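File shown: input.cif. Contents: mmCIF, C-alpha atoms.
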data_query
#
loop_
_atom_site.group_PDB
_atom_site.id
_atom_site.type_symbol
_atom_site.label_atom_id
_atom_site.label_comp_id
_atom_site.auth_asym_id
_atom_site.auth_seq_id
_atom_site.Cartn_x
_atom_site.Cartn_y
_atom_site.Cartn_z
ATOM 1 C CA MET C 9 24.605 -7.589 -15.674
ATOM 2 C CA SER C 10 26.519 -4.675 -14.163
ATOM 3 C CA PRO C 11 26.914 -4.097 -10.416
ATOM 4 C CA GLU C 12 24.994 -0.813 -10.789
ATOM 5 C CA THR C 13 22.035 -2.675 -12.244
ATOM 6 C CA LEU C 14 22.046 -5.182 -9.379
ATOM 7 C CA VAL C 15 22.254 -2.452 -6.726
ATOM 8 C CA ALA C 16 19.539 -0.473 -8.526
ATOM 9 C CA GLY C 17 17.249 -3.512 -8.612
ATOM 10 C CA LEU C 18 17.863 -4.219 -4.946
ATOM 11 C CA LEU C 19 17.110 -0.617 -3.974
ATOM 12 C CA ILE C 20 13.913 -0.662 -6.010
ATOM 13 C CA VAL C 21 12.719 -3.936 -4.462
ATOM 14 C CA VAL C 22 13.525 -2.722 -0.928
ATOM 15 C CA GLY C 23 11.803 0.582 -1.704
ATOM 16 C CA ILE C 24 8.619 -1.136 -2.842
ATOM 17 C CA ALA C 25 8.699 -3.325 0.268
ATOM 18 C CA GLY C 26 9.143 -0.125 2.304
ATOM 19 C CA ILE C 27 5.952 1.244 0.814
ATOM 20 C CA VAL C 28 3.950 -1.794 1.891
ATOM 21 C CA VAL C 29 5.612 -1.967 5.327
ATOM 22 C CA PRO C 30 6.053 1.725 6.099
ATOM 23 C CA VAL C 31 9.380 1.533 7.897
ATOM 24 C CA LEU C 32 11.626 2.609 5.041
ATOM 25 C CA PRO C 33 11.287 5.657 2.772
ATOM 26 C CA GLY C 34 9.921 3.630 -0.129
ATOM 27 C CA LEU C 35 9.656 6.105 -2.973
ATOM 28 C CA ILE C 36 13.012 7.668 -2.130
ATOM 29 C CA LEU C 37 14.657 4.234 -2.320
ATOM 30 C CA VAL C 38 12.933 3.455 -5.620
ATOM 31 C CA LEU C 39 14.116 6.746 -7.086
ATOM 32 C CA ALA C 40 17.613 6.190 -5.662
ATOM 33 C CA GLY C 41 17.679 2.799 -7.377
ATOM 34 C CA VAL C 42 16.786 4.346 -10.709
ATOM 35 C CA ALA C 43 19.470 7.009 -10.178
ATOM 36 C CA VAL C 44 22.118 4.383 -9.312
ATOM 37 C CA TRP C 45 21.446 2.820 -12.704
ATOM 38 C CA ALA C 46 20.959 6.012 -14.735
ATOM 39 C CA VAL C 47 23.696 8.378 -13.548
ATOM 40 C CA PRO C 48 26.736 6.174 -14.284
ATOM 41 C CA ARG C 49 25.381 5.526 -17.783
ATOM 42 C CA GLY C 50 25.448 9.222 -18.570
ATOM 43 C CA ASP C 51 23.537 8.716 -21.815
ATOM 44 C CA ALA C 52 20.231 10.052 -23.072
ATOM 45 C CA LEU C 53 18.336 6.874 -22.164
ATOM 46 C CA GLY C 54 19.561 6.912 -18.568
ATOM 47 C CA TRP C 55 18.728 10.578 -18.088
ATOM 48 C CA ALA C 56 15.323 10.160 -19.739
ATOM 49 C CA VAL C 57 14.437 7.212 -17.505
ATOM 50 C CA LEU C 58 15.593 9.119 -14.412
ATOM 51 C CA GLY C 59 13.632 12.209 -15.460
ATOM 52 C CA ILE C 60 10.445 10.243 -16.109
ATOM 53 C CA ALA C 61 10.801 8.303 -12.844
ATOM 54 C CA THR C 62 11.389 11.548 -10.934
ATOM 55 C CA GLY C 63 8.280 13.094 -12.479
ATOM 56 C CA ILE C 64 6.235 10.031 -11.583
ATOM 57 C CA VAL C 65 7.487 10.091 -7.982
ATOM 58 C CA VAL C 66 6.816 13.826 -7.582
ATOM 59 C CA LEU C 67 3.286 13.567 -9.004
ATOM 60 C CA GLY C 68 2.549 10.440 -6.968
ATOM 61 C CA SER C 69 3.829 12.054 -3.781
ATOM 62 C CA VAL C 70 1.593 15.074 -4.284
ATOM 63 C CA ALA C 71 -1.415 12.863 -5.074
ATOM 64 C CA LYS C 72 -0.676 10.690 -2.037
ATOM 65 C CA TYR C 73 -1.325 13.640 0.264
ATOM 66 C CA LEU C 74 -3.962 15.591 -1.657
ATOM 67 C CA LEU C 75 -6.497 12.917 -2.604
ATOM 68 C CA PRO C 76 -6.892 11.102 0.748
ATOM 69 C CA GLY C 77 -6.704 14.443 2.586
ATOM 70 C CA ARG C 78 -9.630 15.784 0.591
ATOM 71 C CA ARG C 79 -11.673 12.653 1.343
ATOM 72 C CA LEU C 80 -10.956 13.094 5.054
ATOM 73 C CA ARG C 81 -11.955 16.773 5.025
ATOM 74 C CA ASP C 82 -15.138 15.913 3.135
ATOM 75 C CA SER C 83 -16.011 13.232 5.709
ATOM 76 C CA GLY C 84 -15.400 15.615 8.629
ATOM 77 C CA VAL C 85 -12.340 13.973 10.206
ATOM 78 C CA PRO C 86 -10.192 16.821 11.601
ATOM 79 C CA GLY C 87 -6.428 17.091 11.197
ATOM 80 C CA ARG C 88 -5.851 16.801 14.952
ATOM 81 C CA THR C 89 -7.381 13.327 14.842
ATOM 82 C CA LEU C 90 -4.779 12.245 12.299
ATOM 83 C CA ALA C 91 -2.065 13.927 14.369
ATOM 84 C CA ALA C 92 -3.136 11.853 17.384
ATOM 85 C CA GLY C 93 -2.978 8.747 15.205
ATOM 86 C CA VAL C 94 0.524 9.601 14.001
ATOM 87 C CA VAL C 95 1.775 10.280 17.550
ATOM 88 C CA LEU C 96 0.428 6.999 18.913
ATOM 89 C CA GLY C 97 1.616 5.231 15.760
ATOM 90 C CA VAL C 98 5.186 6.373 16.420
ATOM 91 C CA VAL C 99 4.927 5.347 20.079
ATOM 92 C CA GLY C 100 3.419 2.010 19.028
ATOM 93 C CA PHE C 101 6.268 1.421 16.588
ATOM 94 C CA PHE C 102 8.765 1.476 19.456
ATOM 95 C CA VAL C 103 6.564 -0.531 21.833
ATOM 96 C CA VAL C 104 5.658 -3.238 19.311
ATOM 97 C CA PRO C 105 8.068 -2.969 16.339
ATOM 98 C CA VAL C 106 6.502 -2.625 12.863
ATOM 99 C CA VAL C 107 2.975 -3.812 13.784
ATOM 100 C CA GLY C 108 2.774 -1.208 16.552
ATOM 101 C CA LEU C 109 2.853 1.568 13.970
ATOM 102 C CA PHE C 110 -0.476 0.444 12.536
ATOM 103 C CA LEU C 111 -2.006 -0.470 15.898
ATOM 104 C CA GLY C 112 -0.945 2.804 17.480
ATOM 105 C CA PHE C 113 -2.320 4.795 14.556
ATOM 106 C CA VAL C 114 -5.708 3.078 14.768
ATOM 107 C CA LEU C 115 -5.830 3.499 18.543
ATOM 108 C CA GLY C 116 -4.817 7.157 18.328
ATOM 109 C CA VAL C 117 -7.446 7.976 15.705
ATOM 110 C CA TYR C 118 -10.133 6.077 17.604
ATOM 111 C CA LEU C 119 -9.335 7.725 20.950
ATOM 112 C CA ALA C 120 -9.254 11.192 19.387
ATOM 113 C CA GLU C 121 -12.588 10.599 17.678
ATOM 114 C CA LEU C 122 -14.058 9.078 20.858
ATOM 115 C CA ALA C 123 -13.076 12.212 22.783
ATOM 116 C CA ARG C 124 -14.399 14.488 20.036
ATOM 117 C CA LEU C 125 -17.677 12.687 19.289
ATOM 118 C CA ARG C 126 -18.386 11.299 22.792
ATOM 119 C CA GLY C 127 -19.461 7.828 21.770
ATOM 120 C CA HIS C 128 -18.306 4.585 20.192
ATOM 121 C CA GLY C 129 -21.191 4.648 17.700
ATOM 122 C CA GLN C 130 -19.891 7.839 16.123
ATOM 123 C CA ALA C 131 -16.145 7.334 16.739
ATOM 124 C CA TRP C 132 -15.762 3.980 15.008
ATOM 125 C CA PRO C 133 -17.223 4.990 11.600
ATOM 126 C CA SER C 134 -15.056 8.102 11.677
ATOM 127 C CA THR C 135 -12.022 5.937 12.480
ATOM 128 C CA ARG C 136 -12.852 3.660 9.561
ATOM 129 C CA ARG C 137 -13.001 6.655 7.201
ATOM 130 C CA ALA C 138 -9.565 7.777 8.429
ATOM 131 C CA LEU C 139 -8.167 4.270 7.899
ATOM 132 C CA ALA C 140 -9.654 4.120 4.406
ATOM 133 C CA ALA C 141 -7.937 7.406 3.556
ATOM 134 C CA VAL C 142 -4.608 6.082 4.843
ATOM 135 C CA GLY C 143 -5.172 2.906 2.831
ATOM 136 C CA TRP C 144 -5.719 4.970 -0.319
ATOM 137 C CA SER C 145 -2.531 6.864 0.439
ATOM 138 C CA ILE C 146 -0.602 3.580 0.569
ATOM 139 C CA VAL C 147 -2.232 2.352 -2.655
ATOM 140 C CA ILE C 148 -1.307 5.586 -4.449
ATOM 141 C CA GLU C 149 2.271 5.373 -3.177
ATOM 142 C CA LEU C 150 2.552 1.700 -4.187
ATOM 143 C CA PHE C 151 1.204 2.429 -7.671
ATOM 144 C CA THR C 152 3.694 5.286 -7.977
ATOM 145 C CA GLY C 153 6.606 3.053 -6.920
ATOM 146 C CA LEU C 154 5.570 0.305 -9.315
ATOM 147 C CA LEU C 155 5.184 2.785 -12.171
ATOM 148 C CA ALA C 156 8.668 4.207 -11.509
ATOM 149 C CA ALA C 157 10.040 0.644 -11.356
ATOM 150 C CA ALA C 158 8.315 -0.177 -14.655
ATOM 151 C CA THR C 159 9.970 2.882 -16.180
ATOM 152 C CA TRP C 160 13.362 1.566 -15.046
ATOM 153 C CA ILE C 161 12.578 -1.895 -16.433
ATOM 154 C CA GLY C 162 11.595 -0.259 -19.723
ATOM 155 C CA GLY C 163 14.972 1.478 -19.738
ATOM 156 C CA LEU C 164 16.694 -1.861 -19.121
ATOM 157 C CA VAL C 165 14.868 -3.431 -22.032
ATOM 158 C CA LEU C 166 15.756 -0.548 -24.353
ATOM 159 C CA SER C 167 19.439 -0.500 -23.373
#

Whole structure given in structure tokens:
Amino acid sequence: MSPETLVAGLLIVVGIAGIVVPVLPGLILVLAGVAVWAVPRGDALGWAVLGIATGIVVLGSVAKYLLPGRRLRDSGVPGRTLAAGVVLGVVGFFVVPVVGLFLGFVLGVYLAELARLRGHGQAWPSTRRALAAVGWSIVIELFTGLLAAATWIGGLVLS
């Protein structure tokens, strides 16, 4: 096994872990891993695998933002609520590393919805809808990363 293949595999594994624990740029690392394997090869198989993986990552990245965003708009959760969640998520990440990102996001969304809707009874269901949309975003990104990784594995098998 070549050093490029080992580095590529490591980047792909770290990228997929970065999708699940959103600290690292997961899909970028997965695509970088495929590129580390494909570019030095310089053959048709390497370029085809890299092209397919790039297409998968681009389509998955677009879907990751469009599909959950539409569900949020349809449920009535405004963009400023998500912005509040992101801001408190970033603050939470530095206060309580890794876990604080999730806790801060939930708190930010809940507080924004509490201020907007003026009651826990309305704010909590809205917060749950926002969390479900974020969960779908993570699922889409994970599926995209795994599909790109499967493309790379297919290229390994064919080479």

### Task
Just the residues within 12 Å of C:Pro86, please, counting only C-alpha atoms, with nothing from its chain fewer than 6 positions along; format it as number ranges by chain.
C: 77-80, 92-93, 117, 120-121, 124-125, 134-135, 137-138

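Between C:Ala43 and the residues C:Leu150, C:Glu12, C:Ser145, C:Ala71, the shortest atom-to-atom distance, using only C-alpha atoms, involves C:Glu12.
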
### Message
I'd like the neighbourhood of C:Arg49 as a list in words, where a residue qualifies if any of its atoms comes within 12 Å (using only C-alpha atoms), though same-chain residues fewer than 4 positions away should be ignored.
### Response
Ser10, Glu12, Thr13, Val42, Ala43, Val44, Trp45, Leu53, Gly54, Trp55, Ala56, Val57, Leu58, Gly163, Leu164 and Ser167 of chain C

### Query
Between atom CA of C:Leu37 and atom CA of C:Gly23, what is the distance, to one decimal in Å?
4.7 Å

### Residues within 12 Å of stretch 154-156 of chain C, all atoms listed in the file, excluding chain neighbours under 6 positions, as a PyMOL selection string
chain C and resi 17+20-25+27-28+34-43+57-68+147-148+162-163

Selection above as a file: C-alpha atoms, as a PDB file, keeping the file's coordinate frame:
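Once everything was written out, this is again26.pdb:
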ATOM      1  CA  GLY C  17      17.249  -3.512  -8.612  1.00  0.00           C
ATOM      2  CA  ILE C  20      13.913  -0.662  -6.010  1.00  0.00           C
ATOM      3  CA  VAL C  21      12.719  -3.936  -4.462  1.00  0.00           C
ATOM      4  CA  VAL C  22      13.525  -2.722  -0.928  1.00  0.00           C
ATOM      5  CA  GLY C  23      11.803   0.582  -1.704  1.00  0.00           C
ATOM      6  CA  ILE C  24       8.619  -1.136  -2.842  1.00  0.00           C
ATOM      7  CA  ALA C  25       8.699  -3.325   0.268  1.00  0.00           C
ATOM      8  CA  ILE C  27       5.952   1.244   0.814  1.00  0.00           C
ATOM      9  CA  VAL C  28       3.950  -1.794   1.891  1.00  0.00           C
ATOM     10  CA  GLY C  34       9.921   3.630  -0.129  1.00  0.00           C
ATOM     11  CA  LEU C  35       9.656   6.105  -2.973  1.00  0.00           C
ATOM     12  CA  ILE C  36      13.012   7.668  -2.130  1.00  0.00           C
ATOM     13  CA  LEU C  37      14.657   4.234  -2.320  1.00  0.00           C
ATOM     14  CA  VAL C  38      12.933   3.455  -5.620  1.00  0.00           C
ATOM     15  CA  LEU C  39      14.116   6.746  -7.086  1.00  0.00           C
ATOM     16  CA  ALA C  40      17.613   6.190  -5.662  1.00  0.00           C
ATOM     17  CA  GLY C  41      17.679   2.799  -7.377  1.00  0.00           C
ATOM     18  CA  VAL C  42      16.786   4.346 -10.709  1.00  0.00           C
ATOM     19  CA  ALA C  43      19.470   7.009 -10.178  1.00  0.00           C
ATOM     20  CA  VAL C  57      14.437   7.212 -17.505  1.00  0.00           C
ATOM     21  CA  LEU C  58      15.593   9.119 -14.412  1.00  0.00           C
ATOM     22  CA  GLY C  59      13.632  12.209 -15.460  1.00  0.00           C
ATOM     23  CA  ILE C  60      10.445  10.243 -16.109  1.00  0.00           C
ATOM     24  CA  ALA C  61      10.801   8.303 -12.844  1.00  0.00           C
ATOM     25  CA  THR C  62      11.389  11.548 -10.934  1.00  0.00           C
ATOM     26  CA  GLY C  63       8.280  13.094 -12.479  1.00  0.00           C
ATOM     27  CA  ILE C  64       6.235  10.031 -11.583  1.00  0.00           C
ATOM     28  CA  VAL C  65       7.487  10.091  -7.982  1.00  0.00           C
ATOM     29  CA  VAL C  66       6.816  13.826  -7.582  1.00  0.00           C
ATOM     30  CA  LEU C  67       3.286  13.567  -9.004  1.00  0.00           C
ATOM     31  CA  GLY C  68       2.549  10.440  -6.968  1.00  0.00           C
ATOM     32  CA  VAL C 147      -2.232   2.352  -2.655  1.00  0.00           C
ATOM     33  CA  ILE C 148      -1.307   5.586  -4.449  1.00  0.00           C
ATOM     34  CA  GLY C 162      11.595  -0.259 -19.723  1.00  0.00           C
ATOM     35  CA  GLY C 163      14.972   1.478 -19.738  1.00  0.00           C
TER      36      GLY C 163
END

Can you list, as a tab-separated table (two decimals) with C-alpha atoms, keeping the file's coordinate frame, every protein, DNA or RNA residue that comes within 12 Å of C:Pro30 when you count only C-alpha atoms, leaving out same-chain residues fewer than 6 positions away?
chain	number	residue	atom	x	y	z
C	22	VAL	CA	13.52	-2.72	-0.93
C	23	GLY	CA	11.80	0.58	-1.70
C	24	ILE	CA	8.62	-1.14	-2.84
C	97	GLY	CA	1.62	5.23	15.76
C	98	VAL	CA	5.19	6.37	16.42
C	101	PHE	CA	6.27	1.42	16.59
C	105	PRO	CA	8.07	-2.97	16.34
C	106	VAL	CA	6.50	-2.62	12.86
C	107	VAL	CA	2.98	-3.81	13.78
C	108	GLY	CA	2.77	-1.21	16.55
C	109	LEU	CA	2.85	1.57	13.97
C	110	PHE	CA	-0.48	0.44	12.54
C	142	VAL	CA	-4.61	6.08	4.84
C	143	GLY	CA	-5.17	2.91	2.83
C	145	SER	CA	-2.53	6.86	0.44
C	146	ILE	CA	-0.60	3.58	0.57
C	149	GLU	CA	2.27	5.37	-3.18
C	150	LEU	CA	2.55	1.70	-4.19

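Counting from atom CA of C:Gly50, the distance to atom CA of C:Leu166 is 14.9 Å.
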
Using 3 Å of padding on each side, determine the axis-aligned box around all atoms of stretch 82-100 of chain C present in the file and give its centre and edge lengths in Å to one decimal, as JSON.
{"center_x": -5.4, "center_y": 9.6, "center_z": 11.6, "size_x": 27.2, "size_y": 21.1, "size_z": 22.9}

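Closest approach to C:Gly84 among C:Pro133, C:Gly127, C:Gly116, C:Gly153: C:Pro133, based on only C-alpha atoms.
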
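Ranking C:Leu18, C:Val31, C:Ser69, C:Pro11 by their shortest atom-to-atom distance to C:Phe151, with only C-alpha atoms included, puts C:Ser69 first.
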
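For the pair atom CA of C:Val47 and atom CA of C:Pro33, the separation is 20.7 Å.
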
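For the residues C:Leu75, C:Ala46, C:Leu14, C:Tyr118, ranking by smallest atom-to-atom distance to C:Thr159 using all atoms listed in the file places C:Ala46 first.
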
### Task
Select, from C:Ile161, C:Phe102, C:Val95, C:Tyr73, the residue with the minimum atom-to-atom distance to C:Val114, counting only C-alpha atoms.
C:Val95
